[in-house]
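Colleague: Let me begin by handing over the structure; questions about it come next.
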Amino acid sequence: MSDQKTVKEFTVFPFGPQHPVLPEPLQLTFTIDEEEIVDVVPNLGYVHRGIERACELNDYKRNIYLCERICGICNYMHSMAYCEAIEKITDAEVPTRAKYLRTVWSELARLQSHLLWLGLFADGMGFESLFMQIWRDREIVLELTEKTAGHRIHLSTNLIGGVRKDMDEKLIGAYHEGMTELKARMDDVAPVFYRDRSVQERCVGKGILPKSEAVHLGAVGPTVRGSGIPQDMRKLGYEAYGELDFEPVTYDGEDTYARTLVRFDEVYQSIDIINRALDQMPEGPIINKNTTFPDGIAINRVEQPRGEVFYYVVGNGKIHLERCRVRTPTLANIPALLTMLVGHEVADIPPIVLSIDPCISCTERFTYVKEGE
Amino acid sequence: MVQEIRSMPDGDVKSSVVDKADLFVKLNELKAQNARFLTITAIDHGENIEVVYNFEVDSGVVNLSVNTGKEEPIASITSVYGAAFVAENEVQDLFNLKFSGLNVDLGGKMLKVETAKETTLLKPLVGERPPIMRFYGRCREECPAMVNIPRYVRQIAAGDPEGAYNTVMEMAPIPAILGRVCFAPCQDGCRQENRERPIQIRLLKRYAADSMKSLKRDIKRAEATGKRIAIIGGGPAGITAAYYLGMKGHNVTLYEKRSRNGGAMLWGIPKYRLPKDILEEETTARFEEAGVKFVPNSEILELDPIFEEGFDAIYVAIGAQVSNRLRVEGENAPGIIDCMDLLTAVNVRNETPDLGDKVMVIGGGNAAIDAARTSKRLGVRDVTLYYRRTETEMPALLHEIHEAMREGVSFDFLSQPIKIIQGERLAMAFQCMIPGEPDESGRRRPVPLEGAIIMREADTIVKAIGCVVAVPDGYGLKVNRRGWIEVDEEYRTSREGVWAGGDAVYGPRIVIEAIRDGRKAASSIDKYLGGDGLPEPYIDMDEFVPRPENLENVKELAQVEGRVLPANTRIRGFDEVELGFNEEEAVKEASRCWRCDWNE
C-alpha cells in the first residue's frame with residue numbers, strides 16, 4: 001500500500017450568481033479543502049447594460065441621466081463625477097453655492113448607502129433585528145432626499161456647470177433636524193457594533209487584507225481604509241471638500257470588522273460634514289452654463305461610498321463624446337476580495353464578500369456591439 | 001520614448017505615450033514609487049487601439065498610453081500588477097485585444113453576453129446611427145423646401161443676416177422674393193403659434209435678404225462639366241433648377257415665353273406685394289452667379305429640336321397657364337375678363353385698363369383677392385368678390401382676405417354664378433347656397449337654396465377660378481387625366497432625359513413648393529449627368545445651440561408688428577404694402593424663437 005500515491009481531492013462549488021446572502025449577481029467559484037477555501041475564481045459579467053457604449057451615442061448632456069443609472073445607490077455620485085469631468089473640458093465654472101450643495105448631497109448619498117450596507121451586513125451575519133433597526137433609521141435620510149428633490153433615492157439634481165435645485169432655509173433646518181435625529185439613533189446602535197460579541201465573532205480576524213498588499217491590489221474606499229491606509233479621494237479637494245476640515249476614517253484591523261467600523265464611523269463623519277457644510281454654505285447662483293462642447297481629455301475621481309470611482313472622458317469638440325470610461329470601486333476591490341477569501345472557512349464567505357460592499361451591477365456596464373453582425 | 005499627448009486640463013494628471021517595448025521598464029519604475037493601479041482604458045481609433053494604463057502616484061494620476069494594432073497581442077501586466085487582470089479581461093472582451101500571459105484568463109468569456117444581432121427595442125438598430133437628439137423643428141417640417149429655418153432665425157437673432165441669407169440659399173435661391181410672397185407654411189408650424197402669435201419667419205427672411213440687397217455674391221461654381229441643360233419656363237421651379245444646376249457646373253440655358261423671367265411670380269403677384277424690380281434684381285443676380293443663359297421671348301413647342309441642338313437634359317416647368325372656364329351661359333360676352341389677363345396687363349405691361357365703376361370678382365383663391373385688390377388700386381369704386389362657399393372655406397390666405405376687407409373690397413359669400421345676361425351693363429344671376437355636408441376635402445359642400453336667386457350688375461366681371469395646365473403636344477410627354485405632366489418621385493417624366501416640375505406637374509400651387517420641385521429635379525438631373533446630386537435636408541448635429549436661459553420669459557415675448565402702409569394711402573397706388581423689419585425689430589422677433597429643434 002505504501003507505493004499507492006494519495007492524490008488530495010478538492011471540491012469545487014459555485015457561490016452565486018444567485019445566493020440568499022448575496023444581493024448582487026457575482027459568481028465566485030471556490031475550490032475548497034473540506035471547509036477551508038483553497039482557491040477562488042471570479043466570474044463577472046451577468047448584467048451588462050452597454051452604458052459606456054451608450055455614452056458615446058448619446059449627446060453629452062443626456063449622459064448625466066445615463067451615468068446616474070450606472071448604480072442605484074451611488075446615483076448622485078456618478079452624475080456628479082460625470083459632470084465634474086465634463087466641466088474640466090468645457091468652460092463651465094461651478095458656483096460656490098452649487099459646490100456646497102453637491103457636497104451636502106453626496107454626503108447624504110453616502111449616509112444612505114452606508115446605512116443600507118450596515119443593514120445588509122447585519123442580515124448577512126444573521127442579525128435580523130439590527131438589520132430592521134438600521135433600515136428604519138435610513139428612512140430619515142430617504143425622507144430628506146424626498147423633501148429635496150421629490151424622489152427617495154434619485155436626487156437627479158446635477159447639471160453641467162452646477163445644480164438644478166436650491167435649498168431654502170426651511171429645508172436646511174430639516175436637514176439639521178434630521179442629522180440630529182440620525183445621530184441619536186446611531187448612538188443607540190453603536191454599542192452593538194463596538195462591543196457586541198456576536199458581531200465580533202463573525203468579523204474579527206476574517207477576510208484579512210494586509211496593509212502591505214492593499215495598495216498593490218488596487219483596493220479602494222472603506223476596504224483599503226480598513227487596512228490602515230488613509231486613502232480618500234475627498235482629500236483631493238473636489239467640490240467644497242477642500243474647505244471642510246476632516247480626516248479619513250481608518251482602522252488598522254485589516255479584517256472585516258475594521259471595514260465595518262470604518263463605515264460605521266463614516267456615518268458620524270458624514271453627519272458632521274453635512275452640518276458644517278450647510279452652516280458654511282454661501283449665498284449665490286447655483287449654475288453657470290457651459291457655452292462650448294467638451295474638448296480634450298478629462299480624468300475625474302470621486303470618493304463614492306464604496307470607494308474611488310474613475311471617469312475618463314474624451315471629447316473632441318462635438319456633441320458626442322469619443323469615449324467615456326467608468327471604473328467603479330467594486331471592480332477595483334475584486335482582486336483584493338479574492339486574496340481576502342483564501343484560507344477562510346466556507347461559513348465566512350458571506351460576511352467577507354459583503355465586507356467590500358459589492359455593487360456588481362454598477363461594475364458591469366459595458367458591451368461591445370460589432371457593426372454589421 | 002516619452003512625449004506629451006493631447007491637452008489635459010487637469011493639473012495633477014501626467015500623460016505619456018510609451019513604446020510597447022518600454023512598457024515594463026516604466027511599470028517597474030511606477031511600482032517602485034508605490035503607484036496604485038487604477039484601471040485600463042482602451043480607446044478604439046479605427047486603425048489601432050490606444051490602451052491607457054491609469055495609475056495613481058501621490059494622489060495624482062499617471063497615464064501610460066500604448067498604441068497597438070487590432071490583431072497583435074499585447075503583454076499582460078498581471079506579472080507586475082496582479083490586480084490588472086479584471087481590467088485586462090474586460091478590454092479583451094470589449095475590444096477583442098489579446099493579452100499574452102494574462103493570469104486568470106477568462107478567455108473572452110468574462111462578459112456573459114453574446115454579440116447583439118438585432119434588436120427591436122432600440123431604434124435605430126444598434127451601432128447604425130446615434131439617436132438623434134436634434135429635431136428638424138416644426139417650422140422646418142412644415143416648409144415644403146425644408147429650408148433650415150431654426151438656424152437662420154438663430155443667425156438673425158445673433159445679428160448675422162449674411163449667414164441667415166446663405167442658410168436660406170442652401171434650399172431656396174430667391175430669399176428676397178420668398179420674403180415677400182411666400183405663404184409661410186412654416187409659421188403655421190411655429191410652436192409660438194400655439195398662442196396664435198407665430199414668429200414672422202417670412203419677414204425675418206425678407207430682412208436677411210434685404211440687408212444683402214440681392215447682390216451677386218462672390219461664390220464659385222463647381223468645375224465646368226461641359227453638359228448642357230435646357231430649362232423651359234422662367235418661373236420659380238425653372239429659376240431654382242437653373243441656379244442649382246448652374247452652380248453644379250453645368251451649362252444651363254433658360255427659355256422663357258415672356259420678355260422677363262419670373263413666370264407666375266411676375267404676372268400673377270401684384271406689384272404691391274412683390275415690386276418687379278426686386279424680382280428682376282434677384283433672379284438676375286442668381287443667373288449671373290450660376291452662369292445661366294436667359295433666353296426671353298422664346299416659346300418652346302417641341303422638345304426634339306432642343307435635343308438635336310445638343311442639350312443633354314431638359315427641365316419642363318411651364319406652369320399652369322390656361323384659365324378655367326366658368327361653364328355658365330353667356331360666358332363669352334364682352335366685359336368678362338380673365339384675372340390672369342388683368343394681372344398680366346397691370347403687372348407686366350404696366351397698363352391701367354378701364355374697368356368701369358363696378359367690378360365683380362368670381363372666385364375665392366389668392367388670385368381672386370389679388371384681382372380684387374388690384375381693381376381697387378385701379379380706381380374702381382365698388383369691388384365685390386363672389387364666392388360659392390364661406391370665408392372659412394376660402395383657399396386664400398386669411399391675412400390677405402383681411403387686408404382686402406380693410407382696403408374696402410366687399411365680399412358676398414355663398415353665391416354660385418348661374419347665368420350672365422348682357423344688357424346695358426353686365427348682369428349675373430347667382431344661386432344662393434347654404435353650407436351642406438363636408439366633402440372629401442373637409443370643406444362643407446354648398447347646397448343650393450331652392451328659389452333663392454339674386455341678380456347683380458357690374459361693369460366688368462373678373463373670373464378667377466383657377467388655372468389648368470396645357471402641355472404642348474410637341475413635347476410628347478405623358479399627362480394624366482387632369483392634364484398634368486406625369487412624373488416619378490425624382491421628377492422624371494415618361495421621356496428619357498426630360499424632367500418636369502412646378503405647377504405643370506401638380507396644378508397651381510405656392511412658390512415654395514415649386515422651389516422644392518426645382519431643387520429636387522436639379523439633384524436628379526445632376527445625378528443623371530454623372531454628378532453627386534444636391535445634399536438632402538440634414539441636421540447639423542455638431543452645431544452648438546444653447547437653449548434660452550429662461551424659456552418662460554421667451555414664450556411671453558410679444559410679437560413684433562411688421563410695418564405696413566396705411567390702407568387709405570396704399571389703394572392710391574401700387575407701392576409695396578409691407579415695409580418689413582429693420583434690424584432692431586428683426587433681432588427682437590427672431591429672439592422669440594425658443595428653439596424647439598433642440599432637445600436638451
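Convention: chains lettered A, B, ... in C-alpha cells order; per-chain residue numbering from 1; ligands numbered from 1 as shown.
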Please list as a list in words every residue within 10 Å of B:Gly364, counting only C-alpha atoms and excluding residues in the same chain fewer than 3 positions away.

Modeller: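 Near neighbours after the sequence-gap exclusion: Val361, Ala367, Ala368, Ile369, Leu385, Tyr386, Tyr387, Arg388, Arg389, Thr390, Glu391, Glu393, Met394, Pro395, Ala396, Leu397, Ile401, Phe411, Phe413, Ala464, Ile465 and Gly466 of chain B.
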
Colleague: Determine, for each residue of chain A having at least one atom at most 8 Å from an atom of chain B, the closest pair of atoms and their separation in Å to one decimal, counting only C-alpha atoms; order by chain and ascending number, as a tab-separated table.

Modeller:
residue	atom	partner	partner_atom	distance
A:Val41	CA	B:Val104	CA	7.8
A:Asn43	CA	B:Met110	CA	6.4
A:Leu44	CA	B:Met110	CA	5.8
A:Gly45	CA	B:Leu111	CA	3.9
A:Tyr46	CA	B:Lys112	CA	5.3
A:Val47	CA	B:Lys112	CA	7.9
A:His48	CA	B:Val113	CA	7.2
A:Leu57	CA	B:Pro130	CA	4.9
A:Asn58	CA	B:Pro131	CA	6.7
A:Asp59	CA	B:Met133	CA	7.1
A:Lys61	CA	B:Glu600	CA	7.0
A:Arg62	CA	B:Glu600	CA	7.3
A:Lys88	CA	B:Pro9	CA	6.6
A:Ile89	CA	B:Pro9	CA	6.9
A:Val215	CA	B:Arg36	CA	5.7
A:His216	CA	B:Arg36	CA	5.8
A:Leu217	CA	B:Ala83	CA	4.9
A:Gly218	CA	B:Phe37	CA	5.3
A:Leu236	CA	B:Ser59	CA	7.3
A:Thr291	CA	B:Pro546	CA	6.9
A:Thr292	CA	B:Phe544	CA	7.2
A:Phe293	CA	B:Phe544	CA	7.2
A:Gly296	CA	B:Ser7	CA	6.1
A:Ile297	CA	B:Met8	CA	5.4
A:Ala298	CA	B:Met8	CA	6.3
A:Ile299	CA	B:Asp10	CA	7.3
A:Phe310	CA	B:Leu38	CA	7.9
A:Tyr312	CA	B:Thr41	CA	7.6
A:Lys318	CA	B:Asp542	CA	5.4
A:Ile319	CA	B:Asp542	CA	5.7
A:Arg323	CA	B:Ile43	CA	6.8
A:Arg325	CA	B:Thr41	CA	6.5
A:Arg327	CA	B:Thr39	CA	6.9
A:Leu331	CA	B:Val86	CA	7.3
A:Ala332	CA	B:Leu38	CA	7.3
A:Ile334	CA	B:Val86	CA	7.9
A:Pro335	CA	B:Ala83	CA	5.3
A:Ala336	CA	B:Ala83	CA	7.8
A:Phe366	CA	B:Leu94	CA	7.6
A:Thr367	CA	B:Leu94	CA	6.4
A:Tyr368	CA	B:Leu94	CA	5.3
A:Val369	CA	B:Thr115	CA	6.0
A:Lys370	CA	B:Thr115	CA	7.1
A:Glu371	CA	B:Gly127	CA	5.9
A:Glu373	CA	B:Lys117	CA	5.7

Colleague: For A:Ala190, please output as a PyMOL selection string all residues within 10 Å (counting only C-alpha atoms; exclusion window: fewer than 4 positions along the same chain).

Modeller: chain A and resi 184-186+194-196+261+264-265

Colleague: Can you spit out the residues from that selection as a PDB file, in the first residue's frame, using N, CA, C and O atoms?

Modeller:
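What ended up in part-v1.pdb:
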ATOM      1  N   ALA A 184     -28.636  60.529  17.025  1.00  0.00           N
ATOM      2  CA  ALA A 184     -29.154  59.902  18.243  1.00  0.00           C
ATOM      3  C   ALA A 184     -29.466  58.426  17.990  1.00  0.00           C
ATOM      4  O   ALA A 184     -29.143  57.560  18.827  1.00  0.00           O
ATOM      5  N   ARG A 185     -30.036  58.144  16.838  1.00  0.00           N
ATOM      6  CA  ARG A 185     -30.349  56.750  16.500  1.00  0.00           C
ATOM      7  C   ARG A 185     -29.070  55.921  16.382  1.00  0.00           C
ATOM      8  O   ARG A 185     -29.013  54.763  16.788  1.00  0.00           O
ATOM      9  N   MET A 186     -28.047  56.522  15.779  1.00  0.00           N
ATOM     10  CA  MET A 186     -26.776  55.807  15.620  1.00  0.00           C
ATOM     11  C   MET A 186     -26.140  55.533  16.977  1.00  0.00           C
ATOM     12  O   MET A 186     -25.537  54.492  17.208  1.00  0.00           O
ATOM     13  N   TYR A 194     -19.700  48.240  18.334  1.00  0.00           N
ATOM     14  CA  TYR A 194     -18.418  48.376  19.019  1.00  0.00           C
ATOM     15  C   TYR A 194     -18.173  47.237  20.013  1.00  0.00           C
ATOM     16  O   TYR A 194     -17.040  46.868  20.250  1.00  0.00           O
ATOM     17  N   ARG A 195     -19.257  46.715  20.640  1.00  0.00           N
ATOM     18  CA  ARG A 195     -18.989  45.809  21.757  1.00  0.00           C
ATOM     19  C   ARG A 195     -19.675  44.450  21.640  1.00  0.00           C
ATOM     20  O   ARG A 195     -19.285  43.515  22.311  1.00  0.00           O
ATOM     21  N   ASP A 196     -20.685  44.302  20.790  1.00  0.00           N
ATOM     22  CA  ASP A 196     -21.464  43.062  20.802  1.00  0.00           C
ATOM     23  C   ASP A 196     -20.607  41.869  20.387  1.00  0.00           C
ATOM     24  O   ASP A 196     -19.914  41.902  19.366  1.00  0.00           O
ATOM     25  N   LEU A 261     -16.326  48.899  10.898  1.00  0.00           N
ATOM     26  CA  LEU A 261     -16.238  50.075  11.765  1.00  0.00           C
ATOM     27  C   LEU A 261     -15.901  51.328  10.959  1.00  0.00           C
ATOM     28  O   LEU A 261     -16.357  52.417  11.311  1.00  0.00           O
ATOM     29  N   PHE A 264     -19.136  52.450   9.759  1.00  0.00           N
ATOM     30  CA  PHE A 264     -19.983  52.970  10.826  1.00  0.00           C
ATOM     31  C   PHE A 264     -19.504  54.347  11.276  1.00  0.00           C
ATOM     32  O   PHE A 264     -20.304  55.272  11.461  1.00  0.00           O
ATOM     33  N   ASP A 265     -18.184  54.511  11.388  1.00  0.00           N
ATOM     34  CA  ASP A 265     -17.662  55.823  11.795  1.00  0.00           C
ATOM     35  C   ASP A 265     -17.887  56.861  10.710  1.00  0.00           C
ATOM     36  O   ASP A 265     -18.060  58.047  10.986  1.00  0.00           O
TER      37      ASP A 265
END

Colleague: Which of these residues is nearest to B:Tyr475, using only C-alpha atoms: B:Ile314, B:Arg570, B:Val447, B:Tyr506?

Modeller: B:Ile314

Colleague: Considering only C-alpha atoms, can you say which of B:Ala522, B:Val479, B:Leu303, B:Val322 comes closest to B:Ile239?

Modeller: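 For B:Ile239, the nearest of the given residues is B:Ala522.
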
Colleague: Which residue, A:Lys8, A:His320, A:His154, A:Arg97, has the smallest gap to A:His78 when you use only C-alpha atoms?

Modeller: A:His154
